[in-house]
Amino acid sequence: MLGTSAPPSGLLDAEGAQEYAQLSTQAAALVARHLAQAPTPFSGTTPASSRRRVERVDLDRPLGRPEEVLAEVERLYLRDAVWFHHPGYAAHLNCPVATSAVVADQLASAVNTSMDTWDQSGTATTMERHLLSWTAGRLGLPARADGVFTSGGTASNTHALAVARGHALETVGGRLPHDLHRLRVLATADGHFSVHTATHLLGLGDDAVVEVATDERHRMDPDALVAELVRLETAGLVPMALVATAGTTDLGAVDPLARIAQVCRAFGVWLHVDAAYGGGLMTSLRRRHLLDGIERADSVTVDFHKTFFQPVASSAVLVRDAASMRHVRHHAAYLNPADEGPDAVPNQVDKSLQTTRRFDALKLWCTLRTLGADGVGAMLDAVCDLASEVARVIADDRDLELYQRPQLSTVVFRYAPDWLDEDALDEVNRQARRALVASGRAMVALTEIDGRAYLKLTLLNPATTVADLAAVLDLVREHASAAGDCWVDERQAG
Ligand SMILES: *Cc1c(COP(=O)(O)O)cnc(C)c1O
């Protein structure tokens with residue numbers, strides 16, 4: 001089989017190092033070929049067909065040879081993957097990734113550093129901390145700020161709200177679980193659903209999230225916020241946190257942070273800014289002002305895997321005051337015994353909801369050291385400009401209707417010729433999107449605004465051009481008008 005010497009273990013050790021170098025070259029070449037040649041963003045495979053092919057694999061019968069495994073991965077995964085770098089991909093908040101970050105990701109996986117304690121990470125901990133200080137600095141948070149990398153915006157929001165819960169209970173002298181039912185979290189209807197996930201996990205009631213009204217651009221209305229806070233106070237309820245959003249997922253709306261911060265200060269309410277999407281604005285050369293006021297936040301979520309062009313996962317939660325991390329701190333004798341003072345060992349697990357954790361920060365490190373923050377900011381500015389340009393194309397189109405002028409890099413619109421009524425439009429736009437995904441030729445998202453179906457382009461690829469997107473719009477129009485004809489035929493038949 002493998003000759004007379006001891007068979008290689010298949011593990012990445014001194015003996016396996018050579019094989020690793022060869023295999024990763026092969027794997028990289030394979031991905032490079034698909035990246036260069038992907039004719040469409042998606043193959044259009046269906047869940048049923050995908051299941052048939054995948055479930056045929058007998059996991060109890062290994063292939064053994066790494067080359068065969070790679071070939072199988074190509075057949076099952078790469079051929080039917082969704083390619084975010086393709087100019088026809090414009091569905092969700094997925095970015096084409098920085099090459100330097102991908103290489104860093106491989107590197108961190110190979111070393112397999114774990115970020116929970118200093119004795120499993122060494123300098124990786126210091127590098128992560130340096131990046132968090134840099135982020136806090138860019139946001140304008142004070143020197144006593146702190147933070148930690150997480151697996152995503154959902155985790156970062158949950159973390160921030162766990163800290164806010166501890167802070168609120170401490171402030172009102174409340175106890176767990178006794179006083180949980182009195183806690184409220186304020187957010188707009190455009191805020192991310194993870195706010196609901198988090199309040200649920202944190203044991204707050206089903207009615208814990210209080211909706212704050214927005215203006216016509218879907219930004220939080222600070223006067224409505226004041227009214228809600230007064231109402232809660234009168235009712236004897238405790239506003240545990242206000243979640244402002246810097247870049248809502250659908251419309252890219254940035255809540256007026258400076259005015260909201262003022263209100264929060266006046267009422268003594270924890271201000272969490274969910275900048276999962278808009279966080280990248282901290283590097284923007286022309287749009288940084290949209291984040292004005294974020295420096296007054298008590299906590300902030302930033303998803304580097306959205307507007308910093310990082311591979312999944314890379315996110316961070318920042319807190320204004322390092323001491324507030326005590327609300328999520330637990331000590332284990334075998335891992336991170338309580339140890340304070342100037343010589344304390346820096347254990348990141350002391351402020352993390354995860355224990356074993358990847359060195360995801362290395363990706364951002366390598367990106368900043370390669371492209372620089374200005375390079376990242378220029379790419380974000382480019383996709384925001386692109387959104388404005390394609391919005392103009394849509395506004396000028398007879399059959400398409402622009403919902404609103406874009407605020408960041410999303411464009412919400414629908415196919416809306418005047419011969420279809422509102423219910424027909426919902427159905428036709430849904431069908432157009434379904435047909436488009438099935439064709440694999442372009443990917444756009446479907447959403448609902450004011451109870452109506454809309455299509456959405458989420459732009460994070462700075463290499464995509466207006467012409468690319470005009471082609472995507474042609475496909476949308478083609479599928480939608482076919483669906484519209486069907487609708488009319490069915491009506492006439494029925
Ligand atoms: C994407 C997003 C999240 C969730 O982040 P994940 O990384 O997907 O968990 C939270 N809030 C906003 C505003 C987002 O756009």
# chains A, B, ... in the order shown; residues from 1 in each chain; ligands from 1

$ residues_near_ligand --ligand "ligand 1" --cutoff "6 Å" --atoms "only C-alpha atoms and all ligand atoms" --output "ChimeraX atom specification"
/A:152-154,192,247-249,274,276-277,303

$ write_last_selection --atoms "N, CA, C and O atoms" --output "mmCIF file, in the first residue's frame"
data_model
loop_
_atom_site.group_PDB
_atom_site.id
_atom_site.type_symbol
_atom_site.label_atom_id
_atom_site.label_comp_id
_atom_site.auth_asym_id
_atom_site.auth_seq_id
_atom_site.Cartn_x
_atom_site.Cartn_y
_atom_site.Cartn_z
ATOM 1 N N GLY A 152 -19.652 36.235 14.850
ATOM 2 C CA GLY A 152 -20.523 36.982 13.937
ATOM 3 C C GLY A 152 -21.348 38.021 14.667
ATOM 4 O O GLY A 152 -21.287 38.141 15.898
ATOM 5 N N GLY A 153 -22.126 38.753 13.908
ATOM 6 C CA GLY A 153 -22.937 39.822 14.473
ATOM 7 C C GLY A 153 -23.962 39.313 15.472
ATOM 8 O O GLY A 153 -24.262 39.979 16.472
ATOM 9 N N THR A 154 -24.504 38.138 15.199
ATOM 10 C CA THR A 154 -25.485 37.561 16.120
ATOM 11 C C THR A 154 -24.836 37.317 17.479
ATOM 12 O O THR A 154 -25.391 37.682 18.523
ATOM 13 N N HIS A 192 -31.918 44.200 13.534
ATOM 14 C CA HIS A 192 -31.676 42.803 13.140
ATOM 15 C C HIS A 192 -32.418 41.820 14.041
ATOM 16 O O HIS A 192 -32.539 42.044 15.241
ATOM 17 N N GLY A 247 -26.534 50.858 9.723
ATOM 18 C CA GLY A 247 -26.604 50.047 8.508
ATOM 19 C C GLY A 247 -27.588 48.908 8.699
ATOM 20 O O GLY A 247 -27.198 47.815 9.106
ATOM 21 N N THR A 248 -28.875 49.156 8.446
ATOM 22 C CA THR A 248 -29.844 48.065 8.563
ATOM 23 C C THR A 248 -29.644 47.123 7.379
ATOM 24 O O THR A 248 -29.190 47.527 6.305
ATOM 25 N N THR A 249 -29.998 45.855 7.612
ATOM 26 C CA THR A 249 -29.678 44.820 6.641
ATOM 27 C C THR A 249 -30.372 45.062 5.302
ATOM 28 O O THR A 249 -29.796 44.808 4.248
ATOM 29 N N ASP A 274 -25.440 48.393 16.739
ATOM 30 C CA ASP A 274 -25.229 47.243 15.870
ATOM 31 C C ASP A 274 -24.709 47.761 14.534
ATOM 32 O O ASP A 274 -25.466 48.163 13.658
ATOM 33 N N ALA A 276 -22.922 45.905 12.507
ATOM 34 C CA ALA A 276 -22.475 44.690 11.824
ATOM 35 C C ALA A 276 -22.215 44.998 10.351
ATOM 36 O O ALA A 276 -21.193 44.603 9.795
ATOM 37 N N TYR A 277 -23.126 45.733 9.752
ATOM 38 C CA TYR A 277 -22.987 46.080 8.335
ATOM 39 C C TYR A 277 -22.199 47.383 8.162
ATOM 40 O O TYR A 277 -21.210 47.431 7.447
ATOM 41 N N ASP A 303 -19.013 43.597 12.116
ATOM 42 C CA ASP A 303 -18.760 42.350 11.378
ATOM 43 C C ASP A 303 -17.678 42.601 10.338
ATOM 44 O O ASP A 303 -17.934 43.227 9.310
#

$ select_by_dssp --residues "region 109-311 of chain A" --states "strand (DSSP E)" --output "MDAnalysis selection string"
chainID A and resid 146:150 183:188 209:212 238:245 271:275 299:303

$ residues_around --residues "region 452-466 of chain A" --least-positions-apart "2" --cutoff "9 Å" --atoms "only C-alpha atoms" --output "ChimeraX atom specification"
/A:84-96,250-251,306-307,309,378-384,386-387,389-390,393,403,409-415,422-423,425-427,429-430,433,443-450,468-471

$ closest_residue --among "A:Val185, A:Val163, A:Ala27, A:Ala227" --to "Ala71 (chain A)" --atoms "only C-alpha atoms"
A:Ala27

$ residues_around --residues "Gly44 (chain A)" --least-positions-apart "2" --cutoff "12 Å" --atoms "only C-alpha atoms" --output "list in words"
Pro39, Thr40, Pro41, Phe42, Thr46, Pro47, Ala48, Ser49, Ser50, Arg79, Asp80, Ala81, Val82, Trp83, Arg434, Ala435, Leu436, Val437, Ala438, Ser439, Gly440, Arg441, Ala442 and Met443 of chain A

$ write_last_selection --atoms "N, CA, C and O atoms" --output "compact mmCIF listing (two decimals), in the first residue's frame"
# COMPACT_ATOMS: atom_id res chain seq x y z
N PRO A 39 -18.84 30.30 -14.49
CA PRO A 39 -19.60 31.00 -15.52
C PRO A 39 -20.79 31.76 -14.94
O PRO A 39 -21.25 32.75 -15.50
N THR A 40 -21.30 31.26 -13.82
CA THR A 40 -22.45 31.88 -13.16
C THR A 40 -22.17 31.87 -11.65
O THR A 40 -21.34 31.09 -11.19
N PRO A 41 -22.89 32.69 -10.88
CA PRO A 41 -22.64 32.68 -9.43
C PRO A 41 -23.10 31.39 -8.75
O PRO A 41 -22.68 31.09 -7.64
N PHE A 42 -23.96 30.63 -9.44
CA PHE A 42 -24.51 29.42 -8.83
C PHE A 42 -24.88 28.45 -9.93
O PHE A 42 -25.24 28.87 -11.04
N THR A 46 -30.77 22.02 -7.05
CA THR A 46 -31.88 22.08 -6.09
C THR A 46 -31.49 21.33 -4.82
O THR A 46 -30.61 20.47 -4.85
N PRO A 47 -32.17 21.62 -3.70
CA PRO A 47 -31.89 20.88 -2.46
C PRO A 47 -32.06 19.37 -2.67
O PRO A 47 -31.28 18.57 -2.15
N ALA A 48 -33.06 18.97 -3.47
CA ALA A 48 -33.31 17.53 -3.65
C ALA A 48 -32.17 16.87 -4.41
O ALA A 48 -31.68 15.82 -4.00
N SER A 49 -31.74 17.51 -5.48
CA SER A 49 -30.65 16.92 -6.27
C SER A 49 -29.36 16.90 -5.45
O SER A 49 -28.60 15.93 -5.48
N SER A 50 -29.14 17.96 -4.71
CA SER A 50 -27.95 18.04 -3.88
C SER A 50 -27.95 16.91 -2.84
O SER A 50 -26.95 16.24 -2.61
N ARG A 79 -18.49 22.64 -7.42
CA ARG A 79 -19.30 22.80 -8.63
C ARG A 79 -20.64 23.46 -8.33
O ARG A 79 -21.22 24.10 -9.20
N ASP A 80 -21.15 23.27 -7.13
CA ASP A 80 -22.46 23.82 -6.79
C ASP A 80 -22.37 24.87 -5.68
O ASP A 80 -23.35 25.14 -4.99
N ALA A 81 -21.19 25.44 -5.52
CA ALA A 81 -21.04 26.48 -4.49
C ALA A 81 -21.67 27.78 -5.00
O ALA A 81 -21.94 27.93 -6.19
N VAL A 82 -21.89 28.69 -4.09
CA VAL A 82 -22.35 30.03 -4.47
C VAL A 82 -21.13 30.94 -4.42
O VAL A 82 -20.44 31.00 -3.40
N TRP A 83 -20.86 31.58 -5.55
CA TRP A 83 -19.61 32.35 -5.70
C TRP A 83 -19.86 33.84 -5.51
O TRP A 83 -20.44 34.51 -6.35
N ARG A 434 -37.35 33.36 -7.52
CA ARG A 434 -37.21 31.91 -7.49
C ARG A 434 -36.63 31.39 -8.81
O ARG A 434 -35.71 30.59 -8.83
N ALA A 435 -37.16 31.91 -9.90
CA ALA A 435 -36.71 31.45 -11.23
C ALA A 435 -35.25 31.86 -11.47
O ALA A 435 -34.47 31.11 -12.05
N LEU A 436 -34.90 33.03 -10.99
CA LEU A 436 -33.54 33.52 -11.16
C LEU A 436 -32.54 32.63 -10.41
O LEU A 436 -31.51 32.23 -10.95
N VAL A 437 -32.86 32.29 -9.17
CA VAL A 437 -31.98 31.41 -8.38
C VAL A 437 -31.88 30.04 -9.04
O VAL A 437 -30.80 29.46 -9.12
N ALA A 438 -33.02 29.54 -9.55
CA ALA A 438 -33.01 28.22 -10.19
C ALA A 438 -32.14 28.23 -11.45
O ALA A 438 -31.52 27.23 -11.79
N SER A 439 -32.06 29.39 -12.10
CA SER A 439 -31.21 29.48 -13.30
C SER A 439 -29.75 29.60 -12.90
O SER A 439 -28.86 29.26 -13.68
N GLY A 440 -29.49 30.10 -11.71
CA GLY A 440 -28.12 30.29 -11.24
C GLY A 440 -27.40 31.46 -11.91
O GLY A 440 -26.26 31.76 -11.57
N ARG A 441 -28.05 32.12 -12.85
CA ARG A 441 -27.34 33.13 -13.64
C ARG A 441 -27.09 34.44 -12.88
O ARG A 441 -26.17 35.19 -13.20
N ALA A 442 -27.92 34.71 -11.89
CA ALA A 442 -27.70 35.87 -11.03
C ALA A 442 -28.40 35.60 -9.72
O ALA A 442 -29.36 34.82 -9.66
N MET A 443 -27.90 36.23 -8.66
CA MET A 443 -28.51 36.02 -7.34
C MET A 443 -28.87 37.37 -6.75
O MET A 443 -28.02 38.23 -6.54

$ select_by_dssp --residues "region 276-336 of chain A" --states "alpha helix (DSSP H)" --output "list in words"
Phe304, His305, Lys306 and Thr307 of chain A

$ write_last_selection --atoms "all heavy atoms" --output "tab-separated table (two decimals), in the first residue's frame"
chain	number	residue	atom	x	y	z
A	304	PHE	N	-16.49	42.10	10.63
A	304	PHE	CA	-15.42	42.26	9.63
A	304	PHE	C	-15.71	41.40	8.41
A	304	PHE	O	-15.23	41.66	7.32
A	304	PHE	CB	-14.07	41.91	10.24
A	304	PHE	CG	-13.69	42.78	11.41
A	304	PHE	CD1	-13.64	42.28	12.70
A	304	PHE	CD2	-13.42	44.13	11.21
A	304	PHE	CE1	-13.31	43.08	13.77
A	304	PHE	CE2	-13.08	44.95	12.28
A	304	PHE	CZ	-13.03	44.43	13.57
A	305	HIS	N	-16.54	40.35	8.60
A	305	HIS	CA	-16.82	39.49	7.44
A	305	HIS	C	-17.92	40.07	6.53
A	305	HIS	O	-18.40	39.38	5.64
A	305	HIS	CB	-17.10	38.03	7.85
A	305	HIS	CG	-18.27	37.81	8.76
A	305	HIS	ND1	-18.25	36.85	9.75
A	305	HIS	CD2	-19.48	38.38	8.84
A	305	HIS	CE1	-19.42	36.84	10.38
A	305	HIS	NE2	-20.18	37.77	9.84
A	306	LYS	N	-18.26	41.31	6.74
A	306	LYS	CA	-19.15	41.99	5.79
A	306	LYS	C	-18.39	43.10	5.08
A	306	LYS	O	-17.97	42.93	3.95
A	306	LYS	CB	-20.39	42.51	6.50
A	306	LYS	CG	-21.33	41.38	6.89
A	306	LYS	CD	-22.53	41.87	7.66
A	306	LYS	CE	-23.43	40.69	8.03
A	306	LYS	NZ	-24.38	41.06	9.09
A	307	THR	N	-18.19	44.22	5.75
A	307	THR	CA	-17.62	45.36	5.03
A	307	THR	C	-16.10	45.52	5.19
A	307	THR	O	-15.55	46.57	4.83
A	307	THR	CB	-18.35	46.65	5.44
A	307	THR	OG1	-18.61	46.60	6.85
A	307	THR	CG2	-19.68	46.77	4.72

$ residues_around --residues "Arg184 (chain A)" --least-positions-apart "4" --cutoff "9 Å" --atoms "only C-alpha atoms" --output "list in words"
Leu180, Thr199, Leu204, Gly205, Asp207, Ala208, Val209, Val210, Leu232, Leu237, Val238, Pro239, Met240, Ala241 and Leu242 of chain A

$ residues_around --residues "His289 (chain A)" --least-positions-apart "6" --cutoff "12 Å" --atoms "only C-alpha atoms" --output "MDAnalysis selection string"
chainID A and resid 139 246 254 256:258 278:279 281:283 295

$ write_last_selection --atoms "N, CA and C atoms" --output "compact mmCIF listing (two decimals), in the first residue's frame"
# COMPACT_ATOMS: atom_id res chain seq x y z
N LEU A 139 -13.32 53.90 16.25
CA LEU A 139 -14.70 54.24 16.61
C LEU A 139 -14.75 55.46 17.53
N ALA A 246 -26.40 50.77 12.77
CA ALA A 246 -25.61 51.55 11.82
C ALA A 246 -25.51 50.70 10.55
N VAL A 254 -28.83 54.17 8.63
CA VAL A 254 -27.99 54.41 9.80
C VAL A 254 -28.79 55.31 10.74
N PRO A 256 -29.73 57.95 13.62
CA PRO A 256 -29.00 59.18 13.98
C PRO A 256 -28.30 59.00 15.33
N LEU A 257 -27.08 58.49 15.28
CA LEU A 257 -26.39 58.02 16.49
C LEU A 257 -26.14 59.13 17.50
N ALA A 258 -25.75 60.31 17.03
CA ALA A 258 -25.40 61.38 17.97
C ALA A 258 -26.63 61.79 18.80
N GLY A 278 -22.61 48.43 8.86
CA GLY A 278 -22.01 49.75 8.63
C GLY A 278 -20.66 49.97 9.30
N GLY A 279 -20.19 48.99 10.07
CA GLY A 279 -18.93 49.16 10.79
C GLY A 279 -17.76 49.53 9.88
N LEU A 281 -17.63 51.55 7.71
CA LEU A 281 -17.57 53.00 7.47
C LEU A 281 -16.45 53.65 8.27
N MET A 282 -15.97 52.97 9.31
CA MET A 282 -14.88 53.55 10.10
C MET A 282 -13.61 53.73 9.26
N THR A 283 -13.55 53.03 8.12
CA THR A 283 -12.38 53.18 7.24
C THR A 283 -12.69 54.02 6.01
N GLU A 295 -19.00 57.08 18.96
CA GLU A 295 -18.00 57.17 20.03
C GLU A 295 -18.64 57.28 21.42

$ closest_residue --among "A:Ser284, A:Gln431, A:Ser315, A:Ser299" --to "Leu408 (chain A)" --atoms "only C-alpha atoms"
A:Ser284

$ atom_distance --atom1 "CA of Glu55 (chain A)" --atom2 "CA of Gly10 (chain A)"
25.0 Å

$ closest_residue --among "A:Val319, A:Ala21, A:Ala480, A:Leu141" --to "Ala164 (chain A)" --atoms "only C-alpha atoms"
A:Val319

$ atom_distance --atom1 "CA of Ala253 (chain A)" --atom2 "CA of Glu233 (chain A)"
27.9 Å

$ residues_around --residues "region 344-350 of chain A" --least-positions-apart "2" --cutoff "6 Å" --atoms "only C-alpha atoms" --output "PyMOL selection string"
chain A and resi 116-118+329+339-342+352+355

$ closest_residue --among "A:His218, A:His130, A:His167, A:His159" --to "Leu201 (chain A)" --atoms "only C-alpha atoms"
A:His159

$ atom_distance --atom1 "CA of Thr356 (chain A)" --atom2 "CA of Ser133 (chain A)"
21.9 Å

$ closest_residue --among "A:Ala261, A:Leu364, A:Ala198, A:Ala187" --to "Val212 (chain A)" --atoms "only C-alpha atoms"
A:Ala187
